[in-house]
Amino acid sequence: SPVDRDFAVALTDDGSLWALTFTEDTISKHEITKLEIPTRHLYWVSCDVAFSPRGDVVAVLTKNGFSIVDVNLRERVGEGRGNFTQLAFHPQHEQLATAEFGGKIHIWDWSNRKRVEKLRDFSNPGPTYNIKYSPDGQWLAATNVGFVFIRSAEYGELRHEFLDHHGPVNGLAFSKDSKRIASGGVGRNIVVRNIESGEREQELVGHNADVIGLAFESNRIVSSDSDHSLRIWDVRLGQEVLATRRSTNHLSEPPLDLGRERLLATGRDKRLTV
């Protein structure tokens, strides 16, 4: 696994449902009451989980690829084969992006859930550590050792290639308006760039360990690191406004429940923190 991670967590856009995976063969969907989705066919190798934009299905990585699970029927309704390490749903279309550690990105059509079809693929150099769609669906970003690549989500053409870090880039997040992107990793810094111009707008420095997770909402960035600390930054000022040490390594996707300004995260103590 590109990130030493045996858990992953995801949150629906409206904050009403969350899904959590561990290295044990289980995935849970939670509302007011807990409902477990039976997925004993799964064997976790690299953990990742994501909700579709409507929140009606969850995609999870498996030993042989990925499975798509209907959260209401509580059963698998589709799958794709491959050795994947990351996945991300397109925010507007019934498409799913998956990444291989070797650098290849695959785009899948899951509109026919009984037959998930591969639409196209393209490659970035080196291992892939993270992939993200922009909220407007225009861009698909991927990271490797030091670099952030931004491509057209529709055609795959490379728009930008940024070298902003000194090692694996694990943290990646678009702003809600899709105009900026933040990245962080082994170099312990967080870099914010303007997607249209490619200009570096801000560099945030303060973590004492490698950046693992990032969340970007309006002019705030929330970041977590491998030393289990959580920090909140004011992007306009370029300053840290809050730092706390908790057992928090992985931020939920999407990370913020905007109605109640809540953050969902997991840590190596296997606690879920709101």
# chains A, B, ... in the order shown; residues from 1 in each chain; ligands from 1
call {"tool": "closest_atom_pairs", "arguments": {"of": "range 119-159 of chain A", "to": "range 214-226 of chain A", "cutoff": "12 Å", "atoms": "only C-alpha atoms", "output": "CSV"}}
result
residue,atom,partner,partner_atom,distance
A:Asn130,CA,A:Leu214,CA,11.1
A:Lys132,CA,A:Leu214,CA,11.4
A:Ser134,CA,A:Phe216,CA,11.3
A:Pro135,CA,A:Phe216,CA,11.2
call {"tool": "write_last_selection", "arguments": {"atoms": "N, CA, C and O atoms", "output": "mmCIF file, in the first residue's frame"}}
result
data_model
loop_
_atom_site.group_PDB
_atom_site.id
_atom_site.type_symbol
_atom_site.label_atom_id
_atom_site.label_comp_id
_atom_site.auth_asym_id
_atom_site.auth_seq_id
_atom_site.Cartn_x
_atom_site.Cartn_y
_atom_site.Cartn_z
ATOM 1 N N ASN A 130 -2.360 9.161 -4.423
ATOM 2 C CA ASN A 130 -3.700 9.683 -4.182
ATOM 3 C C ASN A 130 -4.305 10.120 -5.497
ATOM 4 O O ASN A 130 -3.585 10.519 -6.428
ATOM 5 N N LYS A 132 -7.967 12.396 -6.922
ATOM 6 C CA LYS A 132 -9.140 13.172 -6.550
ATOM 7 C C LYS A 132 -9.748 13.820 -7.783
ATOM 8 O O LYS A 132 -9.033 14.340 -8.645
ATOM 9 N N SER A 134 -12.047 17.049 -9.045
ATOM 10 C CA SER A 134 -12.481 18.358 -8.566
ATOM 11 C C SER A 134 -13.997 18.329 -8.390
ATOM 12 O O SER A 134 -14.699 17.582 -9.075
ATOM 13 N N PRO A 135 -14.552 19.115 -7.465
ATOM 14 C CA PRO A 135 -15.997 19.100 -7.227
ATOM 15 C C PRO A 135 -16.840 19.409 -8.453
ATOM 16 O O PRO A 135 -17.973 18.929 -8.562
#
call {"tool": "closest_atom_pairs", "arguments": {"of": "range 26-140 of chain A", "to": "range 166-171 of chain A", "cutoff": "10 Å", "atoms": "only C-alpha atoms", "output": "tab-separated table"}}
result
residue	atom	partner	partner_atom	distance
A:Pro127	CA	A:Pro168	CA	8.8
A:Thr128	CA	A:Pro168	CA	8.8
A:Tyr129	CA	A:Asn170	CA	5.6
A:Asn130	CA	A:Asn170	CA	6.0
A:Ile131	CA	A:Asn170	CA	9.4
call {"tool": "atom_distance", "arguments": {"atom1": "CA of Asp234 in chain A", "atom2": "CA of Ala88 in chain A"}}
result
26.6 Å
call {"tool": "closest_residue", "arguments": {"among": "A:Asp121, A:Asp177, A:Glu94, A:Asp136", "to": "Gly156 in chain A", "atoms": "only C-alpha atoms"}}
result
A:Asp121
call {"tool": "residues_around", "arguments": {"residues": "Lys114 in chain A", "least_positions_apart": "3", "cutoff": "12 Å", "atoms": "only C-alpha atoms", "output": "ChimeraX atom specification"}}
result
/A:67-70,76-80,109-111,117
call {"tool": "write_last_selection", "arguments": {"atoms": "all heavy atoms", "output": "mmCIF file, in the first residue's frame"}}
result
data_model
loop_
_atom_site.group_PDB
_atom_site.id
_atom_site.type_symbol
_atom_site.label_atom_id
_atom_site.label_comp_id
_atom_site.auth_asym_id
_atom_site.auth_seq_id
_atom_site.Cartn_x
_atom_site.Cartn_y
_atom_site.Cartn_z
ATOM 1 N N SER A 67 -15.211 -3.402 -5.344
ATOM 2 C CA SER A 67 -16.622 -3.774 -5.362
ATOM 3 C C SER A 67 -17.470 -2.531 -5.170
ATOM 4 O O SER A 67 -17.078 -1.599 -4.464
ATOM 5 C CB SER A 67 -16.942 -4.781 -4.254
ATOM 6 O OG SER A 67 -16.430 -6.061 -4.552
ATOM 7 N N ILE A 68 -18.630 -2.514 -5.824
ATOM 8 C CA ILE A 68 -19.624 -1.470 -5.635
ATOM 9 C C ILE A 68 -20.779 -2.077 -4.849
ATOM 10 O O ILE A 68 -21.347 -3.095 -5.249
ATOM 11 C CB ILE A 68 -20.104 -0.899 -6.975
ATOM 12 C CG1 ILE A 68 -18.941 -0.181 -7.667
ATOM 13 C CG2 ILE A 68 -21.262 0.067 -6.766
ATOM 14 C CD1 ILE A 68 -19.291 0.362 -9.044
ATOM 15 N N VAL A 69 -21.105 -1.462 -3.717
ATOM 16 C CA VAL A 69 -22.108 -1.992 -2.796
ATOM 17 C C VAL A 69 -23.282 -1.031 -2.717
ATOM 18 O O VAL A 69 -23.097 0.174 -2.498
ATOM 19 C CB VAL A 69 -21.498 -2.204 -1.391
ATOM 20 C CG1 VAL A 69 -22.548 -2.733 -0.423
ATOM 21 C CG2 VAL A 69 -20.304 -3.149 -1.459
ATOM 22 N N ASP A 70 -24.491 -1.532 -2.920
ATOM 23 C CA ASP A 70 -25.705 -0.742 -2.756
ATOM 24 C C ASP A 70 -25.992 -0.600 -1.260
ATOM 25 O O ASP A 70 -26.175 -1.598 -0.561
ATOM 26 C CB ASP A 70 -26.885 -1.432 -3.458
ATOM 27 C CG ASP A 70 -28.128 -0.555 -3.497
ATOM 28 O OD1 ASP A 70 -28.637 -0.196 -2.411
ATOM 29 O OD2 ASP A 70 -28.609 -0.253 -4.599
ATOM 30 N N ARG A 76 -23.487 -6.431 -2.868
ATOM 31 C CA ARG A 76 -22.615 -6.023 -3.961
ATOM 32 C C ARG A 76 -23.398 -6.016 -5.262
ATOM 33 O O ARG A 76 -24.120 -6.961 -5.582
ATOM 34 C CB ARG A 76 -21.434 -6.997 -4.071
ATOM 35 C CG ARG A 76 -20.449 -6.634 -5.162
ATOM 36 C CD ARG A 76 -19.281 -7.592 -5.193
ATOM 37 N NE ARG A 76 -19.735 -8.966 -5.437
ATOM 38 C CZ ARG A 76 -18.900 -9.992 -5.579
ATOM 39 N NH1 ARG A 76 -17.606 -9.807 -5.446
ATOM 40 N NH2 ARG A 76 -19.380 -11.203 -5.809
ATOM 41 N N VAL A 77 -23.240 -4.940 -6.048
ATOM 42 C CA VAL A 77 -23.960 -4.821 -7.311
ATOM 43 C C VAL A 77 -23.025 -4.653 -8.500
ATOM 44 O O VAL A 77 -23.478 -4.597 -9.642
ATOM 45 C CB VAL A 77 -24.961 -3.642 -7.264
ATOM 46 C CG1 VAL A 77 -26.076 -3.915 -6.272
ATOM 47 C CG2 VAL A 77 -24.259 -2.326 -6.945
ATOM 48 N N GLY A 78 -21.733 -4.560 -8.280
ATOM 49 C CA GLY A 78 -20.779 -4.423 -9.375
ATOM 50 C C GLY A 78 -19.367 -4.579 -8.878
ATOM 51 O O GLY A 78 -19.096 -4.511 -7.668
ATOM 52 N N GLU A 79 -18.433 -4.795 -9.805
ATOM 53 C CA GLU A 79 -17.037 -4.957 -9.429
ATOM 54 C C GLU A 79 -16.137 -4.697 -10.625
ATOM 55 O O GLU A 79 -16.578 -4.717 -11.774
ATOM 56 C CB GLU A 79 -16.782 -6.361 -8.879
ATOM 57 C CG GLU A 79 -17.000 -7.471 -9.878
ATOM 58 C CD GLU A 79 -16.746 -8.848 -9.285
ATOM 59 O OE1 GLU A 79 -16.352 -8.920 -8.116
ATOM 60 O OE2 GLU A 79 -16.948 -9.835 -10.018
ATOM 61 N N GLY A 80 -14.860 -4.428 -10.331
ATOM 62 C CA GLY A 80 -13.831 -4.281 -11.353
ATOM 63 C C GLY A 80 -12.578 -4.979 -10.892
ATOM 64 O O GLY A 80 -12.297 -5.057 -9.692
ATOM 65 N N ASP A 109 -17.022 2.992 -16.121
ATOM 66 C CA ASP A 109 -18.436 3.360 -16.215
ATOM 67 C C ASP A 109 -19.223 2.339 -15.394
ATOM 68 O O ASP A 109 -19.221 1.149 -15.705
ATOM 69 C CB ASP A 109 -18.878 3.324 -17.680
ATOM 70 C CG ASP A 109 -20.335 3.752 -17.862
ATOM 71 O OD1 ASP A 109 -21.096 3.758 -16.874
ATOM 72 O OD2 ASP A 109 -20.716 4.055 -18.997
ATOM 73 N N TRP A 110 -19.916 2.800 -14.347
ATOM 74 C CA TRP A 110 -20.686 1.889 -13.509
ATOM 75 C C TRP A 110 -22.192 2.137 -13.606
ATOM 76 O O TRP A 110 -22.968 1.684 -12.773
ATOM 77 C CB TRP A 110 -20.230 1.975 -12.044
ATOM 78 C CG TRP A 110 -20.360 3.328 -11.417
ATOM 79 C CD1 TRP A 110 -19.469 4.354 -11.489
ATOM 80 C CD2 TRP A 110 -21.441 3.799 -10.618
ATOM 81 N NE1 TRP A 110 -19.936 5.444 -10.786
ATOM 82 C CE2 TRP A 110 -21.144 5.129 -10.238
ATOM 83 C CE3 TRP A 110 -22.635 3.236 -10.172
ATOM 84 C CZ2 TRP A 110 -21.989 5.895 -9.457
ATOM 85 C CZ3 TRP A 110 -23.493 4.001 -9.396
ATOM 86 C CH2 TRP A 110 -23.159 5.320 -9.044
ATOM 87 N N SER A 111 -22.623 2.816 -14.700
ATOM 88 C CA SER A 111 -24.057 3.091 -14.872
ATOM 89 C C SER A 111 -24.860 1.801 -14.992
ATOM 90 O O SER A 111 -25.990 1.709 -14.504
ATOM 91 C CB SER A 111 -24.298 3.976 -16.096
ATOM 92 O OG SER A 111 -23.748 3.386 -17.266
ATOM 93 N N GLU A 117 -17.796 -1.305 -16.850
ATOM 94 C CA GLU A 117 -16.924 -1.318 -18.018
ATOM 95 C C GLU A 117 -15.821 -0.269 -17.883
ATOM 96 O O GLU A 117 -16.068 0.847 -17.419
ATOM 97 C CB GLU A 117 -17.733 -1.039 -19.287
ATOM 98 C CG GLU A 117 -18.757 -2.125 -19.619
ATOM 99 C CD GLU A 117 -19.481 -1.851 -20.920
ATOM 100 O OE1 GLU A 117 -19.408 -0.707 -21.408
ATOM 101 O OE2 GLU A 117 -20.102 -2.789 -21.451
#
call {"tool": "select_by_dssp", "arguments": {"residues": "range 72-144 of chain A", "states": "strand (DSSP E)", "output": "PyMOL selection string"}}
result
chain A and resi 75-81+84-89+95-100+104-109+117-123+130-133+139-143
call {"tool": "write_last_selection", "arguments": {"atoms": "N, CA and C atoms", "output": "tab-separated table (two decimals), in the first residue's frame"}}
result
chain	number	residue	atom	x	y	z
A	75	GLU	N	-25.89	-5.08	-0.54
A	75	GLU	CA	-25.29	-6.17	-1.29
A	75	GLU	C	-24.43	-5.61	-2.42
A	76	ARG	N	-23.49	-6.43	-2.87
A	76	ARG	CA	-22.62	-6.02	-3.96
A	76	ARG	C	-23.40	-6.02	-5.26
A	77	VAL	N	-23.24	-4.94	-6.05
A	77	VAL	CA	-23.96	-4.82	-7.31
A	77	VAL	C	-23.02	-4.65	-8.50
A	78	GLY	N	-21.73	-4.56	-8.28
A	78	GLY	CA	-20.78	-4.42	-9.37
A	78	GLY	C	-19.37	-4.58	-8.88
A	79	GLU	N	-18.43	-4.80	-9.81
A	79	GLU	CA	-17.04	-4.96	-9.43
A	79	GLU	C	-16.14	-4.70	-10.62
A	80	GLY	N	-14.86	-4.43	-10.33
A	80	GLY	CA	-13.83	-4.28	-11.35
A	80	GLY	C	-12.58	-4.98	-10.89
A	81	ARG	N	-11.81	-5.48	-11.85
A	81	ARG	CA	-10.62	-6.28	-11.53
A	81	ARG	C	-9.35	-5.47	-11.73
A	84	PHE	N	-5.48	-2.31	-7.33
A	84	PHE	CA	-5.68	-0.88	-7.12
A	84	PHE	C	-5.31	-0.46	-5.69
A	85	THR	N	-4.96	0.82	-5.58
A	85	THR	CA	-4.60	1.37	-4.27
A	85	THR	C	-5.46	2.56	-3.88
A	86	GLN	N	-6.13	3.20	-4.85
A	86	GLN	CA	-6.95	4.38	-4.57
A	86	GLN	C	-8.16	4.36	-5.50
A	87	LEU	N	-9.25	5.01	-5.07
A	87	LEU	CA	-10.41	5.16	-5.94
A	87	LEU	C	-11.13	6.47	-5.64
A	88	ALA	N	-11.89	6.97	-6.64
A	88	ALA	CA	-12.62	8.22	-6.48
A	88	ALA	C	-13.78	8.24	-7.46
A	89	PHE	N	-14.96	8.66	-6.98
A	89	PHE	CA	-16.13	8.81	-7.83
A	89	PHE	C	-16.11	10.16	-8.53
A	95	GLN	N	-19.16	7.48	-13.08
A	95	GLN	CA	-17.82	7.02	-13.42
A	95	GLN	C	-16.98	6.94	-12.15
A	96	LEU	N	-16.04	6.01	-12.17
A	96	LEU	CA	-15.16	5.78	-11.03
A	96	LEU	C	-13.73	5.73	-11.52
A	97	ALA	N	-12.84	6.45	-10.85
A	97	ALA	CA	-11.42	6.41	-11.18
A	97	ALA	C	-10.70	5.53	-10.16
A	98	THR	N	-9.82	4.66	-10.65
A	98	THR	CA	-8.99	3.83	-9.78
A	98	THR	C	-7.53	4.02	-10.16
A	99	ALA	N	-6.67	3.88	-9.18
A	99	ALA	CA	-5.24	4.05	-9.43
A	99	ALA	C	-4.48	2.80	-9.02
A	100	GLU	N	-3.52	2.44	-9.84
A	100	GLU	CA	-2.58	1.38	-9.50
A	100	GLU	C	-1.32	2.01	-8.91
A	104	LYS	N	-0.69	3.77	-13.27
A	104	LYS	CA	-1.79	3.77	-14.24
A	104	LYS	C	-3.10	4.14	-13.57
A	105	ILE	N	-3.87	5.02	-14.23
A	105	ILE	CA	-5.19	5.45	-13.77
A	105	ILE	C	-6.23	4.86	-14.72
A	106	HIS	N	-7.27	4.24	-14.16
A	106	HIS	CA	-8.35	3.66	-14.95
A	106	HIS	C	-9.65	4.41	-14.67
A	107	ILE	N	-10.44	4.65	-15.72
A	107	ILE	CA	-11.75	5.27	-15.60
A	107	ILE	C	-12.80	4.22	-15.96
A	108	TRP	N	-13.77	4.01	-15.04
A	108	TRP	CA	-14.78	2.97	-15.20
A	108	TRP	C	-16.17	3.59	-15.29
A	109	ASP	N	-17.02	2.99	-16.12
A	109	ASP	CA	-18.44	3.36	-16.22
A	109	ASP	C	-19.22	2.34	-15.39
A	117	GLU	N	-17.80	-1.30	-16.85
A	117	GLU	CA	-16.92	-1.32	-18.02
A	117	GLU	C	-15.82	-0.27	-17.88
A	118	LYS	N	-14.63	-0.63	-18.34
A	118	LYS	CA	-13.51	0.31	-18.35
A	118	LYS	C	-13.63	1.20	-19.58
A	119	LEU	N	-13.61	2.53	-19.37
A	119	LEU	CA	-13.73	3.47	-20.47
A	119	LEU	C	-12.38	3.80	-21.08
A	120	ARG	N	-11.40	4.08	-20.26
A	120	ARG	CA	-10.07	4.49	-20.75
A	120	ARG	C	-9.08	4.43	-19.60
A	121	ASP	N	-7.82	4.54	-19.92
A	121	ASP	CA	-6.79	4.64	-18.89
A	121	ASP	C	-5.63	5.49	-19.41
A	122	PHE	N	-4.84	5.98	-18.48
A	122	PHE	CA	-3.65	6.75	-18.80
A	122	PHE	C	-2.67	6.58	-17.65
A	123	SER	N	-1.43	6.99	-17.87
A	123	SER	CA	-0.38	6.70	-16.89
A	123	SER	C	0.36	7.96	-16.49
A	130	ASN	N	-2.36	9.16	-4.42
A	130	ASN	CA	-3.70	9.68	-4.18
A	130	ASN	C	-4.30	10.12	-5.50
A	131	ILE	N	-5.63	10.06	-5.60
A	131	ILE	CA	-6.36	10.60	-6.75
A	131	ILE	C	-7.60	11.31	-6.24
A	132	LYS	N	-7.97	12.40	-6.92
A	132	LYS	CA	-9.14	13.17	-6.55
A	132	LYS	C	-9.75	13.82	-7.78
A	133	TYR	N	-11.08	13.82	-7.86
A	133	TYR	CA	-11.80	14.64	-8.83
A	133	TYR	C	-12.05	16.01	-8.21
A	139	TRP	N	-11.62	18.35	-13.42
A	139	TRP	CA	-10.24	17.92	-13.27
A	139	TRP	C	-10.12	16.62	-12.49
A	140	LEU	N	-9.07	15.87	-12.82
A	140	LEU	CA	-8.69	14.69	-12.05
A	140	LEU	C	-7.23	14.85	-11.68
A	141	ALA	N	-6.95	14.86	-10.38
A	141	ALA	CA	-5.60	15.05	-9.89
A	141	ALA	C	-5.05	13.74	-9.33
A	142	ALA	N	-3.76	13.54	-9.49
A	142	ALA	CA	-3.08	12.36	-8.95
A	142	ALA	C	-1.71	12.78	-8.44
A	143	THR	N	-1.19	12.05	-7.48
A	143	THR	CA	0.11	12.38	-6.92
A	143	THR	C	1.05	11.17	-6.98
call {"tool": "atom_distance", "arguments": {"atom1": "CA of Arg193 in chain A", "atom2": "CA of Pro125 in chain A"}}
result
21.0 Å
call {"tool": "residues_around", "arguments": {"residues": "range 240-246 of chain A", "least_positions_apart": "3", "cutoff": "10 Å", "atoms": "only C-alpha atoms", "output": "list in words"}}
result
Leu204, Val205, Gly206, His207, Arg220, Ile221, Val222, Ser223, Ser224, Asp225, Asp227, His228, Ser229, Leu230, Arg231, Ile232, Trp233, Asp234, Val235, Leu237, Asn249, Thr266, Gly267, Asp269 and Thr273 of chain A
call {"tool": "closest_residue", "arguments": {"among": "A:Gly238, A:Arg74, A:Asn208, A:Ser178", "to": "Val191 in chain A", "atoms": "only C-alpha atoms"}}
result
A:Gly238
call {"tool": "closest_residue", "arguments": {"among": "A:Asp56, A:Val148, A:Leu61, A:Ala153", "to": "Ile181 in chain A", "atoms": "only C-alpha atoms"}}
result
A:Val148
call {"tool": "decode", "arguments": {"residues": "range 189-201 of chain A", "atoms": "all heavy atoms", "output": "short mmCIF file (atom, residue, chain, number, x, y, z; two decimals), in the first residue's frame"}}
result
data_model
loop_
_atom_site.label_atom_id
_atom_site.label_comp_id
_atom_site.auth_asym_id
_atom_site.auth_seq_id
_atom_site.Cartn_x
_atom_site.Cartn_y
_atom_site.Cartn_z
N ASN A 189 5.22 20.06 4.37
CA ASN A 189 4.61 21.33 3.97
C ASN A 189 3.32 21.07 3.21
O ASN A 189 3.09 19.99 2.67
CB ASN A 189 5.57 22.14 3.11
CG ASN A 189 5.91 21.44 1.80
OD1 ASN A 189 5.97 20.22 1.73
ND2 ASN A 189 6.13 22.21 0.74
N ILE A 190 2.46 22.09 3.16
CA ILE A 190 1.22 22.06 2.39
C ILE A 190 1.30 23.20 1.37
O ILE A 190 1.56 24.34 1.74
CB ILE A 190 -0.01 22.25 3.29
CG1 ILE A 190 -0.08 21.13 4.33
CG2 ILE A 190 -1.28 22.29 2.46
CD1 ILE A 190 -1.06 21.40 5.45
N VAL A 191 1.08 22.87 0.12
CA VAL A 191 1.17 23.86 -0.96
C VAL A 191 -0.21 24.04 -1.58
O VAL A 191 -0.89 23.06 -1.90
CB VAL A 191 2.19 23.44 -2.03
CG1 VAL A 191 2.18 24.41 -3.20
CG2 VAL A 191 3.59 23.36 -1.42
N VAL A 192 -0.62 25.30 -1.75
CA VAL A 192 -1.89 25.64 -2.38
C VAL A 192 -1.59 26.30 -3.72
O VAL A 192 -0.82 27.27 -3.78
CB VAL A 192 -2.73 26.58 -1.50
CG1 VAL A 192 -4.05 26.92 -2.18
CG2 VAL A 192 -2.98 25.95 -0.13
N ARG A 193 -2.19 25.79 -4.78
CA ARG A 193 -1.98 26.34 -6.12
C ARG A 193 -3.31 26.70 -6.78
O ARG A 193 -4.33 26.08 -6.54
CB ARG A 193 -1.23 25.36 -7.01
CG ARG A 193 0.27 25.30 -6.71
CD ARG A 193 0.99 24.50 -7.76
NE ARG A 193 2.43 24.44 -7.55
CZ ARG A 193 3.31 25.28 -8.06
NH1 ARG A 193 2.89 26.29 -8.83
NH2 ARG A 193 4.60 25.14 -7.84
N ASN A 194 -3.23 27.72 -7.63
CA ASN A 194 -4.35 28.11 -8.48
C ASN A 194 -4.35 27.20 -9.70
O ASN A 194 -3.34 27.08 -10.40
CB ASN A 194 -4.20 29.57 -8.90
CG ASN A 194 -5.35 30.05 -9.75
OD1 ASN A 194 -5.49 29.67 -10.90
ND2 ASN A 194 -6.17 30.92 -9.17
N ILE A 195 -5.47 26.54 -9.96
CA ILE A 195 -5.51 25.56 -11.04
C ILE A 195 -5.47 26.22 -12.41
O ILE A 195 -4.82 25.74 -13.34
CB ILE A 195 -6.75 24.66 -10.90
CG1 ILE A 195 -6.65 23.85 -9.62
CG2 ILE A 195 -6.90 23.74 -12.11
CD1 ILE A 195 -7.84 22.98 -9.33
N GLU A 196 -6.13 27.35 -12.57
CA GLU A 196 -6.16 28.01 -13.88
C GLU A 196 -4.78 28.50 -14.29
O GLU A 196 -4.31 28.23 -15.41
CB GLU A 196 -7.15 29.18 -13.84
CG GLU A 196 -7.31 29.88 -15.17
CD GLU A 196 -7.93 29.01 -16.24
OE1 GLU A 196 -8.71 28.10 -15.89
OE2 GLU A 196 -7.62 29.23 -17.43
N SER A 197 -4.11 29.21 -13.40
CA SER A 197 -2.80 29.79 -13.73
C SER A 197 -1.63 28.89 -13.38
O SER A 197 -0.53 29.05 -13.91
CB SER A 197 -2.64 31.13 -13.01
OG SER A 197 -2.58 30.94 -11.59
N GLY A 198 -1.84 27.96 -12.45
CA GLY A 198 -0.74 27.14 -11.96
C GLY A 198 0.10 27.82 -10.91
O GLY A 198 1.07 27.26 -10.40
N GLU A 199 -0.25 29.05 -10.57
CA GLU A 199 0.53 29.84 -9.62
C GLU A 199 0.44 29.26 -8.20
O GLU A 199 -0.62 28.82 -7.76
CB GLU A 199 0.03 31.28 -9.62
CG GLU A 199 0.73 32.20 -8.63
CD GLU A 199 0.11 33.58 -8.59
OE1 GLU A 199 -0.81 33.84 -9.39
OE2 GLU A 199 0.53 34.40 -7.75
N ARG A 200 1.58 29.28 -7.52
CA ARG A 200 1.60 28.89 -6.12
C ARG A 200 1.08 30.04 -5.28
O ARG A 200 1.69 31.11 -5.22
CB ARG A 200 3.02 28.51 -5.67
CG ARG A 200 3.08 28.06 -4.23
CD ARG A 200 4.51 27.87 -3.75
NE ARG A 200 5.09 26.64 -4.26
CZ ARG A 200 6.01 25.93 -3.60
NH1 ARG A 200 6.43 26.32 -2.40
NH2 ARG A 200 6.53 24.85 -4.13
N GLU A 201 -0.06 29.82 -4.61
CA GLU A 201 -0.68 30.88 -3.84
C GLU A 201 -0.24 30.90 -2.39
O GLU A 201 -0.19 31.96 -1.76
CB GLU A 201 -2.21 30.74 -3.89
CG GLU A 201 -2.81 30.99 -5.26
CD GLU A 201 -4.32 31.03 -5.23
OE1 GLU A 201 -4.90 30.69 -4.17
OE2 GLU A 201 -4.93 31.41 -6.24
#
